[in-house]
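Enquirer: Handing over upload-v1.pdb, PDB, C-alpha atoms.
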```
ATOM      1  CA  MET A1396     -11.779   5.570  -9.998
ATOM      2  CA  SER A1397     -10.541   2.372 -11.626
ATOM      3  CA  HIS A1398      -9.042   0.112  -9.009
ATOM      4  CA  CYS A1399      -5.996  -2.052  -9.645
ATOM      5  CA  VAL A1400      -7.058  -5.388 -11.158
ATOM      6  CA  TYR A1401      -4.561  -7.185  -8.912
ATOM      7  CA  CYS A1402      -4.953  -5.710  -5.409
ATOM      8  CA  SER A1403      -8.345  -3.974  -5.872
ATOM      9  CA  GLN A1404      -7.158  -1.258  -3.464
ATOM     10  CA  ARG A1405      -4.890   1.262  -5.171
ATOM     11  CA  LYS A1406      -5.677   3.145  -8.341
ATOM     12  CA  GLY A1407      -4.844   1.296 -11.547
ATOM     13  CA  LYS A1408      -2.573   3.415 -13.752
ATOM     14  CA  ARG A1409      -0.924   0.974 -16.162
ATOM     15  CA  SER A1410      -2.641  -1.118 -18.783
ATOM     16  CA  CYS A1411      -1.882  -4.768 -17.997
ATOM     17  CA  PRO A1412      -2.320  -7.013 -21.068
ATOM     18  CA  ALA A1413      -1.967 -10.156 -18.944
ATOM     19  CA  LEU A1414      -4.816  -9.258 -16.573
ATOM     20  CA  GLY A1415      -6.935  -7.315 -19.034
ATOM     21  CA  GLY A1416      -7.237  -4.125 -17.004
ATOM     22  CA  LEU A1417      -5.376  -1.380 -15.179
ATOM     23  CA  ILE A1418      -2.769  -2.315 -12.593
ATOM     24  CA  CYS A1419      -1.097  -0.049 -10.032
ATOM     25  CA  SER A1420       2.652   0.545 -10.372
ATOM     26  CA  GLN A1421       3.391  -1.217  -7.060
ATOM     27  CA  CYS A1422       1.678  -4.460  -8.043
ATOM     28  CA  CYS A1423       3.203  -4.249 -11.518
ATOM     29  CA  GLY A1424       6.684  -3.947 -10.027
ATOM     30  CA  GLU A1425       6.268  -6.613  -7.349
ATOM     31  CA  HIS A1426       4.339  -9.280  -9.223
ATOM     32  CA  ARG A1427       5.388  -9.085 -12.880
ATOM     33  CA  ILE A1428       6.455 -12.503 -14.190
ATOM     34  CA  VAL A1429       6.518 -13.941 -10.644
ATOM     35  CA  ARG A1430       2.717 -13.970 -10.217
ATOM     36  CA  VAL A1431       1.513 -12.329 -13.422
ATOM     37  CA  GLY A1432       2.148 -14.037 -16.760
ATOM     38  CA  CYS A1433       3.473 -10.986 -18.582
ATOM     39  CA  PRO A1434       3.667 -11.202 -22.399
ATOM     40  CA  SER A1435       7.125 -10.483 -23.818
ATOM     41  CA  ASP A1436       5.946  -7.332 -25.622
ATOM     42  CA  CYS A1437       4.586  -5.589 -22.507
ATOM     43  CA  LEU A1438       5.679  -1.941 -22.485
ATOM     44  CA  TYR A1439       6.580  -2.017 -18.788
ATOM     45  CA  LEU A1440       8.461  -5.295 -18.741
ATOM     46  CA  GLU A1441      11.865  -4.197 -20.024
ATOM     47  CA  SER A1442      12.103  -0.941 -18.069
ATOM     48  CA  GLY A1443      10.863  -2.684 -14.945
ATOM     49  CA  SER A1444      13.350  -5.513 -15.323
ATOM     50  CA  ASP A1445      16.213  -3.048 -15.737
ATOM     51  CA  TYR A1446      15.159  -1.200 -12.593
ATOM     52  CA  GLN A1447      14.882  -4.424 -10.597
ATOM     53  CA  GLN A1448      18.304  -5.556 -11.761
ATOM     54  CA  LYS A1449      19.950  -2.285 -10.751
ATOM     55  CA  ARG A1450      18.208  -2.311  -7.366
ATOM     56  CA  LEU A1451      19.072  -5.931  -6.627
ATOM     57  CA  ALA A1452      22.661  -5.500  -7.862
ATOM     58  CA  LEU A1453      23.281  -3.141  -4.943
ATOM     59  CA  GLN A1454      21.970  -5.743  -2.511
ATOM     60  CA  PHE A1455      23.786  -8.587  -4.243
ATOM     61  CA  MET A1456      27.262  -7.019  -4.275
ATOM     62  CA  PRO A1457      28.129  -7.099  -0.536
ATOM     63  CA  ILE A1458      26.558 -10.544  -0.025
ATOM     64  CA  ARG A1459      28.482 -11.904  -3.004
ATOM     65  CA  ARG A1460      31.708 -10.331  -1.696
ATOM     66  CA  GLU A1461      31.250 -12.090   1.635
ATOM     67  CA  PHE A1462      30.587 -15.417  -0.101
ATOM     68  CA  TYR A1463      33.767 -15.032  -2.162
ATOM     69  CA  ARG A1464      35.685 -14.337   1.057
ATOM     70  CA  GLU A1465      34.252 -17.554   2.521
ATOM     71  CA  LEU A1466      35.261 -19.537  -0.570
ATOM     72  CA  THR A1467      38.768 -18.064  -0.541
ATOM     73  CA  GLU A1468      39.261 -19.072   3.087
ATOM     74  CA  LEU A1469      37.883 -22.525   2.321
ATOM     75  CA  GLY A1470      40.005 -23.459  -0.689
ATOM     76  CA  GLY A1471      41.701 -20.434  -2.210
ATOM     77  CA  GLU A1472      41.602 -19.595  -5.908
ATOM     78  CA  LYS A1473      40.380 -23.033  -7.001
ATOM     79  CA  SER A1474      37.256 -22.752  -4.845
ATOM     80  CA  VAL A1475      36.596 -19.270  -6.175
ATOM     81  CA  ALA A1476      37.155 -20.423  -9.767
ATOM     82  CA  LEU A1477      34.373 -23.012  -9.566
ATOM     83  CA  PHE A1478      31.714 -20.567  -8.407
ATOM     84  CA  ASN A1479      33.058 -17.957 -10.805
ATOM     85  CA  LEU A1480      32.468 -20.459 -13.620
ATOM     86  CA  VAL A1481      28.905 -21.059 -12.388
ATOM     87  CA  GLU A1482      28.230 -17.307 -12.439
ATOM     88  CA  VAL A1483      29.703 -16.851 -15.911
ATOM     89  CA  VAL A1484      27.674 -19.722 -17.363
ATOM     90  CA  THR A1485      24.504 -18.576 -15.586
ATOM     91  CA  PHE A1486      24.846 -14.987 -16.798
ATOM     92  CA  GLY A1487      25.578 -16.075 -20.362
ATOM     93  CA  TYR A1488      22.560 -18.364 -20.449
ATOM     94  CA  PHE A1489      19.965 -16.141 -18.757
ATOM     95  CA  GLN A1490      21.003 -12.561 -19.584
ATOM     96  CA  GLY A1491      18.746 -12.413 -22.651
ATOM     97  CA  ARG A1492      15.765 -14.163 -21.069
ATOM     98  CA  ARG A1493      12.946 -12.646 -19.059
ATOM     99  CA  ASP A1494      11.361 -15.930 -18.021
ATOM    100  CA  GLY A1495      14.356 -17.459 -16.232
ATOM    101  CA  GLN A1496      13.802 -18.477 -12.628
ATOM    102  CA  ASP A1497      16.155 -19.048  -9.710
ATOM    103  CA  ALA A1498      14.753 -22.549  -9.316
ATOM    104  CA  GLU A1499      16.420 -23.450 -12.630
ATOM    105  CA  VAL A1500      19.801 -22.410 -11.241
ATOM    106  CA  VAL A1501      19.309 -24.342  -8.005
ATOM    107  CA  ALA A1502      18.177 -27.443  -9.911
ATOM    108  CA  ALA A1503      21.227 -27.218 -12.184
ATOM    109  CA  LEU A1504      23.614 -26.920  -9.232
ATOM    110  CA  GLN A1505      21.949 -29.865  -7.526
ATOM    111  CA  ALA A1506      22.176 -31.950 -10.703
ATOM    112  CA  LEU A1507      25.856 -31.096 -11.176
ATOM    113  CA  ARG A1508      26.479 -31.924  -7.527
ATOM    114  CA  ARG A1509      24.902 -35.361  -7.985
ATOM    115  CA  THR A1510      27.144 -36.162 -10.937
ATOM    116  CA  LEU A1511      30.190 -35.555  -8.720
ATOM    117  CA  SER A1512      28.994 -37.898  -5.990
ATOM    118  CA  PRO A1513      30.976 -41.151  -5.608
ATOM    119  CA  LEU A1514      27.647 -42.927  -5.162
ATOM    120  CA  HIS A1515      25.375 -43.564  -8.115
ATOM    121  CA  ILE A1516      22.180 -41.649  -7.423
ATOM    122  CA  PRO A1517      19.357 -42.395  -9.900
ATOM    123  CA  ALA A1518      17.794 -39.160 -11.077
ATOM    124  CA  ALA A1519      15.266 -37.903 -13.576
ATOM    125  CA  PRO A1520      16.539 -36.465 -16.871
ATOM    126  CA  MET A1521      18.345 -33.162 -16.376
ATOM    127  CA  PRO A1522      16.502 -29.889 -17.063
ATOM    128  CA  VAL A1523      17.787 -27.855 -20.005
ATOM    129  CA  PHE A1524      19.954 -25.438 -18.023
ATOM    130  CA  ALA A1525      21.329 -28.274 -15.881
ATOM    131  CA  GLU A1526      22.533 -30.026 -19.033
ATOM    132  CA  TYR A1527      24.036 -26.777 -20.292
ATOM    133  CA  LEU A1528      25.879 -26.132 -17.013
ATOM    134  CA  LYS A1529      27.186 -29.715 -16.910
ATOM    135  CA  LYS A1530      28.452 -29.430 -20.507
ATOM    136  CA  GLU A1531      30.250 -26.153 -19.771
ATOM    137  CA  PHE A1532      31.681 -27.560 -16.523
ATOM    138  CA  ASP A1533      33.029 -30.666 -18.271
ATOM    139  CA  SER A1534      34.474 -28.579 -21.106
ATOM    140  CA  PHE A1535      36.176 -26.134 -18.762
ATOM    141  CA  THR A1536      37.648 -28.760 -16.433
ATOM    142  CA  LYS A1537      38.960 -30.689 -19.439
ATOM    143  CA  GLN A1538      40.639 -27.615 -20.901
ATOM    144  CA  ASN A1539      41.799 -26.227 -17.526
ATOM    145  CA  PRO A1540      42.358 -29.224 -15.228
ATOM    146  CA  GLN A1541      44.541 -27.270 -12.793
ATOM    147  CA  GLN A1542      42.083 -24.462 -12.079
ATOM    148  CA  ILE A1543      39.418 -26.432 -10.203
ATOM    149  CA  ASP A1544      39.977 -28.873  -7.332
ATOM    150  CA  MET A1545      37.583 -31.727  -8.051
ATOM    151  CA  SER A1546      37.922 -33.134  -4.525
ATOM    152  CA  SER A1547      36.429 -29.980  -3.010
ATOM    153  CA  ALA A1548      33.914 -29.325  -5.813
ATOM    154  CA  PRO A1549      30.969 -31.108  -4.081
ATOM    155  CA  ASP A1550      31.397 -28.947  -0.971
ATOM    156  CA  ILE A1551      31.655 -25.761  -3.074
ATOM    157  CA  LEU A1552      28.484 -26.678  -4.955
ATOM    158  CA  ASP A1553      26.651 -27.384  -1.685
ATOM    159  CA  ARG A1554      27.621 -23.920  -0.472
ATOM    160  CA  ALA A1555      26.622 -22.405  -3.818
ATOM    161  CA  ILE A1556      23.176 -24.020  -3.589
ATOM    162  CA  THR A1557      22.702 -22.510  -0.136
ATOM    163  CA  PHE A1558      23.948 -19.089  -1.294
ATOM    164  CA  VAL A1559      21.630 -18.947  -4.315
ATOM    165  CA  SER A1560      18.637 -20.248  -2.353
ATOM    166  CA  ARG A1561      19.062 -17.720   0.449
ATOM    167  CA  PHE A1562      19.356 -14.751  -1.863
ATOM    168  CA  SER A1563      16.461 -16.003  -3.982
ATOM    169  CA  GLY A1564      14.041 -16.070  -1.042
ATOM    170  CA  THR A1565      10.845 -18.042  -0.704
ATOM    171  CA  GLU A1566       8.851 -16.930  -3.760
ATOM    172  CA  LEU A1567       7.865 -19.920  -5.878
ATOM    173  CA  ARG A1568       8.898 -18.288  -9.158
ATOM    174  CA  SER A1569      11.566 -15.986  -7.764
ATOM    175  CA  GLN A1570      14.015 -14.252 -10.085
ATOM    176  CA  ARG A1571      15.797 -12.411  -7.305
ATOM    177  CA  PHE A1572      19.150 -14.178  -7.648
ATOM    178  CA  LEU A1573      19.180 -13.985 -11.446
ATOM    179  CA  SER A1574      18.230 -10.307 -11.426
ATOM    180  CA  GLY A1575      20.883  -9.562  -8.800
ATOM    181  CA  LEU A1576      23.599 -11.437 -10.680
ATOM    182  CA  ILE A1577      22.738 -10.024 -14.109
ATOM    183  CA  GLY A1578      22.372  -6.503 -12.732
ATOM    184  CA  TYR A1579      25.669  -6.828 -10.864
ATOM    185  CA  VAL A1580      27.653  -8.005 -13.891
ATOM    186  CA  ARG A1581      26.160  -5.325 -16.127
ATOM    187  CA  ALA A1582      26.800  -2.563 -13.596
ATOM    188  CA  TYR A1583      30.250  -3.522 -12.284
ATOM    189  CA  HIS A1584      31.740  -5.617 -15.115
ATOM    190  CA  PRO A1585      30.247  -4.158 -18.314
ATOM    191  CA  GLU A1586      33.107  -5.422 -20.491
ATOM    192  CA  ILE A1587      32.475  -8.997 -19.337
ATOM    193  CA  ALA A1588      28.725  -8.568 -19.793
ATOM    194  CA  GLU A1589      29.304  -7.420 -23.379
ATOM    195  CA  HIS A1590      31.686 -10.309 -24.075
ATOM    196  CA  LEU A1591      29.325 -12.952 -22.687
ATOM    197  CA  THR A1592      26.373 -11.435 -24.525
ATOM    198  CA  ARG A1593      28.235 -11.848 -27.825
ATOM    199  CA  GLN A1594      29.577 -15.298 -26.968
ATOM    200  CA  ARG A1595      27.034 -17.784 -28.283
ATOM    201  CA  GLU A1596      28.890 -21.026 -28.946
ATOM    202  CA  PRO A1597      28.505 -23.512 -26.041
ATOM    203  CA  GLY A1598      31.529 -25.351 -24.719
ATOM    204  CA  HIS A1599      33.888 -22.393 -25.114
ATOM    205  CA  ILE A1600      33.268 -20.369 -21.972
ATOM    206  CA  ILE A1601      36.239 -18.122 -21.200
ATOM    207  CA  LEU A1602      36.554 -17.694 -17.457
ATOM    208  CA  PRO A1603      37.257 -14.019 -16.774
ATOM    209  CA  GLY A1604      39.213 -14.855 -13.615
ATOM    210  CA  GLN A1605      40.316 -11.888 -11.568
ATOM    211  CA  GLN A1606      38.324  -9.445 -13.702
ATOM    212  CA  PHE A1607      35.154 -10.975 -12.304
ATOM    213  CA  MET A1608      36.210 -10.810  -8.662
ATOM    214  CA  PRO A1609      34.131  -8.646  -6.310
ATOM    215  CA  PRO A1610      35.349  -5.066  -5.874
ATOM    216  CA  PRO A1611      37.052  -4.495  -2.513
ATOM    217  CA  ALA A1612      34.987  -3.259   0.401
ATOM    218  CA  PRO A1613      35.147   0.538   0.767
ATOM    219  CA  GLU A1614      37.666   1.857   3.276
ATOM    220  CA  PRO A1615      36.193   3.330   6.511
ATOM    221  CA  HIS A1616      35.658   7.059   6.055
ATOM    222  CA  THR A1617      36.650   9.620   8.666
ATOM    223  CA  HIS A1618      35.372  13.149   8.328
ATOM    224  CA  GLY A1619      38.148  15.734   8.430
ATOM    225  CA  PRO A1620      39.358  19.071   7.093
ATOM    226  CA  GLY A1621      39.763  17.739   3.551
ATOM    227  CA  CYS A1622      36.433  15.915   3.502
ATOM    228  CA  HIS A1623      34.069  16.975   0.709
ATOM    229  CA  HIS A1624      31.015  16.002   2.752
ATOM    230  CA  HIS A1625      31.129  19.327   4.617
TER
END
```
Can you present the structure in this file as structure tokens?
Expert:
Amino acid sequence: MSHCVYCSQRKGKRSCPALGGLICSQCCGEHRIVRVGCPSDCLYLESGSDYQQKRLALQFMPIRREFYRELTELGGEKSVALFNLVEVVTFGYFQGRRDGQDAEVVAALQALRRTLSPLHIPAAPMPVFAEYLKKEFDSFTKQNPQQIDMSSAPDILDRAITFVSRFSGTELRSQRFLSGLIGYVRAYHPEIAEHLTRQREPGHIILPGQQFMPPPAPEPHTHGPGCHHH
């Protein structure tokens, strides 16, 4: 029996071009991209990514809904609009990439947060996505100055950094947040996903607003005579 080239315990069933041998489905699913440098033409990469996105979307939805509730209580629609913009920009930038990592999102949020500080904080040159997020943020706030409260923006970004980091977890090259966000938008807002996939020109992000809000929590169910669960 050919053992998995990664764990050396289970039977290897899939040909892994990155490791040059057979890998078991569990290791393939858990470690692709994160710990294994998968080539872009791997047969299992796309189907596996789709499955991970759908699985994580289910976990992401209730946590995201709770975070939106927290933002609404904190600063109403303007607080929600800022994080909504971050999600829209993040989805548009990463939805076609397999190598994106949550660390890029956290770094971009931290960089944007620093630019809004009243104190001048010397920093290294911005990473690529950080520059992209800053450009979209500046463009949106210039075109829609009434939709975002700049005085509360630093606090919202601090909370966003914590939210993304917690969902991402502790893996060094985690994609958990990105997979959850992309899977969520594709599953629950397909029309927005299609629009953002087609929208290529930077600096012209259209904020979907209420269309992108979390779906309401399901009403408590009581079994009764008319219940179809019987």
Enquirer: Run the PyMOL selection byres ((chain A and resi 1465) around 12) mentally over the shown coordinates, then write out the matched residues as a PyMOL selection string, using the chain letters and numbers from the document.
Expert: chain A and resi 1458-1464+1466-1472+1474-1475+1478+1551+1554-1555+1558
Enquirer: Give me, please, the distance in Å between atom CA of A:Ser1546 and atom CA of A:Phe1562, quoted to one decimal.
Expert: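 Distance reported for this atom pair: 26.3 Å.
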Enquirer: Might you pull out every residue within 8 Å of stretch 1511-1515 of chain A, with all atoms listed in the file counted and same-chain residues fewer than 2 positions away left off, and present them as a ChimeraX atom specification?
Expert: /A:1507-1509,1517,1548-1549
Enquirer: Could you name the residues that touch stretch 1403-1415 of chain A at 12 Å or less, counting all atoms listed in the file, but leaving out those on the same chain fewer than 3 positions away, as a list in words?
Expert: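 Final neighbour list, sorted by chain and number: Met1396, Ser1397, His1398, Cys1399, Val1400, Ile1418, Cys1419, Ser1420, Gln1421, Cys1422, Cys1423, Gly1424, His1426, Arg1427, Ile1428, Arg1430, Val1431, Gly1432, Cys1433, Pro1434, Ser1435, Asp1436, Cys1437, Leu1438, Tyr1439 and Leu1440 of chain A.
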Enquirer: Would you kindly translate the PyMOL selection byres ((chain A and resi 1493-1497) around 9) into the concrete residues it picks from this file, as a PyMOL selection string?
Expert: chain A and resi 1428-1429+1435+1440-1441+1444+1489-1492+1498-1502+1559-1560+1563+1568-1573
Enquirer: Would you mind reading off the distance between atom CA of A:Ile1556 and atom CA of A:Gln1505, one decimal, in Å?
Expert: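 Atom CA of A:Gln1505 lies at a distance of 7.2 Å from atom CA of A:Ile1556.
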Enquirer: Every residue with an atom at most 10 Å from (25.8, -4.5, -15.5) (file coordinates; only C-alpha atoms) is what I'm after, so could you write them as a list of chain:residue names?
Expert: A:Asp1445, A:Gln1448, A:Lys1449, A:Ala1452, A:Gly1575, A:Leu1576, A:Ile1577, A:Gly1578, A:Tyr1579, A:Val1580, A:Arg1581, A:Ala1582, A:Tyr1583, A:His1584, A:Pro1585, A:Glu1586, A:Ile1587, A:Ala1588, A:Glu1589
Enquirer: Run the PyMOL selection byres ((chain A and resi 1528) around 10) against the file shown and list the residues it catches, as a list in words.
Expert: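 Answer for the PyMOL selection byres ((chain A and resi 1528) around 10): Leu1480, Val1481, Val1484, Thr1485, Tyr1488, Val1500, Ala1503, Leu1504, Ala1506, Leu1507, Val1523, Phe1524, Ala1525, Glu1526, Tyr1527, Lys1529, Lys1530, Glu1531, Phe1532, Asp1533, Ser1534, Pro1597 and Gly1598 of chain A.
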Enquirer: Calculated over all atoms listed in the file, which of the candidates A:Glu1425, A:Pro1522, A:Leu1477, A:Thr1592 has the smallest distance to A:Asp1550?
Expert: A:Leu1477
Enquirer: Record the distance separating atom CA of A:Gln1542 and atom CA of A:Arg1561, expressed in Å with one decimal.
Expert: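 Straight-line distance from atom CA of A:Gln1542 to atom CA of A:Arg1561 works out to 27.1 Å.
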Enquirer: Given all atoms listed in the file as the basis, pick out the residue of A:Ser1574, A:Cys1402, A:Glu1482, A:His1590 nearest to A:Leu1451.
Expert: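 Smallest separation from A:Leu1451 among the options: A:Ser1574.
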Enquirer: Could you give me the axis-aligned bounding box of stretch 1487-1502 of chain A, with 8 Å of padding per side, as centre plus edge lengths in Å to one decimal, as lines of an AutoDock Vina configuration file?
Expert:
```
center_x = 18.5
center_y = -19.9
center_z = -15.3
size_x = 30.2
size_y = 31.0
size_z = 30.6
```
Enquirer: For A:Met1545, which of A:Thr1510, A:Leu1591, A:Gly1416, A:Tyr1401 is the closest residue, counting only C-alpha atoms?
Expert: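 Checking each of A:Thr1510, A:Leu1591, A:Gly1416, A:Tyr1401 against A:Met1545, counting only C-alpha atoms, the winner is A:Thr1510.
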Enquirer: Could you write stretch 1470-1501 of chain A as an mmCIF file, in the coordinates of the input, with N, CA and C atoms rebuilt where they are missing?
Expert:
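Wrote it out as result-v6.cif, contents follow:
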```cif
data_model
loop_
_atom_site.group_PDB
_atom_site.id
_atom_site.type_symbol
_atom_site.label_atom_id
_atom_site.label_comp_id
_atom_site.auth_asym_id
_atom_site.auth_seq_id
_atom_site.Cartn_x
_atom_site.Cartn_y
_atom_site.Cartn_z
ATOM 1 N N GLY A 1470 39.130 -22.724 0.232
ATOM 2 C CA GLY A 1470 40.005 -23.459 -0.689
ATOM 3 C C GLY A 1470 40.785 -22.598 -1.647
ATOM 4 N N GLY A 1471 40.890 -21.309 -1.369
ATOM 5 C CA GLY A 1471 41.701 -20.434 -2.210
ATOM 6 C C GLY A 1471 41.125 -20.220 -3.605
ATOM 7 N N GLU A 1472 42.006 -19.971 -4.558
ATOM 8 C CA GLU A 1472 41.602 -19.595 -5.908
ATOM 9 C C GLU A 1472 40.801 -20.691 -6.619
ATOM 10 N N LYS A 1473 41.078 -21.952 -6.319
ATOM 11 C CA LYS A 1473 40.380 -23.033 -7.001
ATOM 12 C C LYS A 1473 38.913 -23.100 -6.564
ATOM 13 N N SER A 1474 38.644 -22.789 -5.308
ATOM 14 C CA SER A 1474 37.256 -22.752 -4.845
ATOM 15 C C SER A 1474 36.514 -21.584 -5.477
ATOM 16 N N VAL A 1475 37.185 -20.452 -5.552
ATOM 17 C CA VAL A 1475 36.596 -19.270 -6.175
ATOM 18 C C VAL A 1475 36.338 -19.522 -7.660
ATOM 19 N N ALA A 1476 37.275 -20.193 -8.325
ATOM 20 C CA ALA A 1476 37.155 -20.423 -9.767
ATOM 21 C C ALA A 1476 35.913 -21.226 -10.119
ATOM 22 N N LEU A 1477 35.553 -22.190 -9.272
ATOM 23 C CA LEU A 1477 34.373 -23.012 -9.566
ATOM 24 C C LEU A 1477 33.099 -22.181 -9.521
ATOM 25 N N PHE A 1478 32.931 -21.380 -8.474
ATOM 26 C CA PHE A 1478 31.714 -20.567 -8.407
ATOM 27 C C PHE A 1478 31.733 -19.467 -9.455
ATOM 28 N N ASN A 1479 32.936 -18.947 -9.741
ATOM 29 C CA ASN A 1479 33.058 -17.957 -10.805
ATOM 30 C C ASN A 1479 32.566 -18.538 -12.127
ATOM 31 N N LEU A 1480 32.924 -19.785 -12.403
ATOM 32 C CA LEU A 1480 32.468 -20.459 -13.620
ATOM 33 C C LEU A 1480 30.946 -20.582 -13.630
ATOM 34 N N VAL A 1481 30.364 -20.944 -12.491
ATOM 35 C CA VAL A 1481 28.905 -21.059 -12.388
ATOM 36 C C VAL A 1481 28.248 -19.721 -12.712
ATOM 37 N N GLU A 1482 28.797 -18.636 -12.180
ATOM 38 C CA GLU A 1482 28.230 -17.307 -12.439
ATOM 39 C C GLU A 1482 28.339 -16.932 -13.912
ATOM 40 N N VAL A 1483 29.496 -17.193 -14.501
ATOM 41 C CA VAL A 1483 29.703 -16.851 -15.911
ATOM 42 C C VAL A 1483 28.714 -17.606 -16.797
ATOM 43 N N VAL A 1484 28.582 -18.904 -16.560
ATOM 44 C CA VAL A 1484 27.674 -19.722 -17.363
ATOM 45 C C VAL A 1484 26.227 -19.273 -17.154
ATOM 46 N N THR A 1485 25.868 -18.997 -15.905
ATOM 47 C CA THR A 1485 24.504 -18.576 -15.586
ATOM 48 C C THR A 1485 24.174 -17.250 -16.251
ATOM 49 N N PHE A 1486 25.081 -16.281 -16.155
ATOM 50 C CA PHE A 1486 24.846 -14.987 -16.798
ATOM 51 C C PHE A 1486 24.691 -15.159 -18.301
ATOM 52 N N GLY A 1487 25.625 -15.904 -18.920
ATOM 53 C CA GLY A 1487 25.578 -16.075 -20.362
ATOM 54 C C GLY A 1487 24.295 -16.721 -20.842
ATOM 55 N N TYR A 1488 23.767 -17.636 -20.049
ATOM 56 C CA TYR A 1488 22.560 -18.364 -20.449
ATOM 57 C C TYR A 1488 21.287 -17.538 -20.234
ATOM 58 N N PHE A 1489 21.223 -16.805 -19.136
ATOM 59 C CA PHE A 1489 19.965 -16.141 -18.757
ATOM 60 C C PHE A 1489 19.911 -14.654 -19.072
ATOM 61 N N GLN A 1490 21.009 -14.024 -19.464
ATOM 62 C CA GLN A 1490 21.003 -12.561 -19.584
ATOM 63 C C GLN A 1490 20.021 -12.051 -20.629
ATOM 64 N N GLY A 1491 19.689 -12.862 -21.631
ATOM 65 C CA GLY A 1491 18.746 -12.413 -22.651
ATOM 66 C C GLY A 1491 17.339 -12.933 -22.462
ATOM 67 N N ARG A 1492 17.075 -13.579 -21.317
ATOM 68 C CA ARG A 1492 15.765 -14.163 -21.069
ATOM 69 C C ARG A 1492 15.039 -13.423 -19.944
ATOM 70 N N ARG A 1493 13.746 -13.274 -20.112
ATOM 71 C CA ARG A 1493 12.946 -12.646 -19.059
ATOM 72 C C ARG A 1493 12.201 -13.672 -18.225
ATOM 73 N N ASP A 1494 12.158 -14.918 -18.702
ATOM 74 C CA ASP A 1494 11.361 -15.930 -18.021
ATOM 75 C C ASP A 1494 12.207 -16.859 -17.152
ATOM 76 N N GLY A 1495 13.506 -16.610 -17.047
ATOM 77 C CA GLY A 1495 14.356 -17.459 -16.232
ATOM 78 C C GLY A 1495 13.997 -17.360 -14.756
ATOM 79 N N GLN A 1496 14.136 -18.443 -14.043
ATOM 80 C CA GLN A 1496 13.802 -18.477 -12.628
ATOM 81 C C GLN A 1496 14.966 -19.043 -11.824
ATOM 82 N N ASP A 1497 15.083 -18.582 -10.582
ATOM 83 C CA ASP A 1497 16.155 -19.048 -9.710
ATOM 84 C C ASP A 1497 16.095 -20.552 -9.495
ATOM 85 N N ALA A 1498 14.906 -21.111 -9.524
ATOM 86 C CA ALA A 1498 14.753 -22.549 -9.316
ATOM 87 C C ALA A 1498 15.530 -23.338 -10.369
ATOM 88 N N GLU A 1499 15.658 -22.777 -11.576
ATOM 89 C CA GLU A 1499 16.420 -23.450 -12.630
ATOM 90 C C GLU A 1499 17.906 -23.507 -12.268
ATOM 91 N N VAL A 1500 18.395 -22.450 -11.646
ATOM 92 C CA VAL A 1500 19.801 -22.410 -11.241
ATOM 93 C C VAL A 1500 20.048 -23.404 -10.112
ATOM 94 N N VAL A 1501 19.160 -23.409 -9.129
ATOM 95 C CA VAL A 1501 19.309 -24.342 -8.005
ATOM 96 C C VAL A 1501 19.259 -25.783 -8.495
#
```
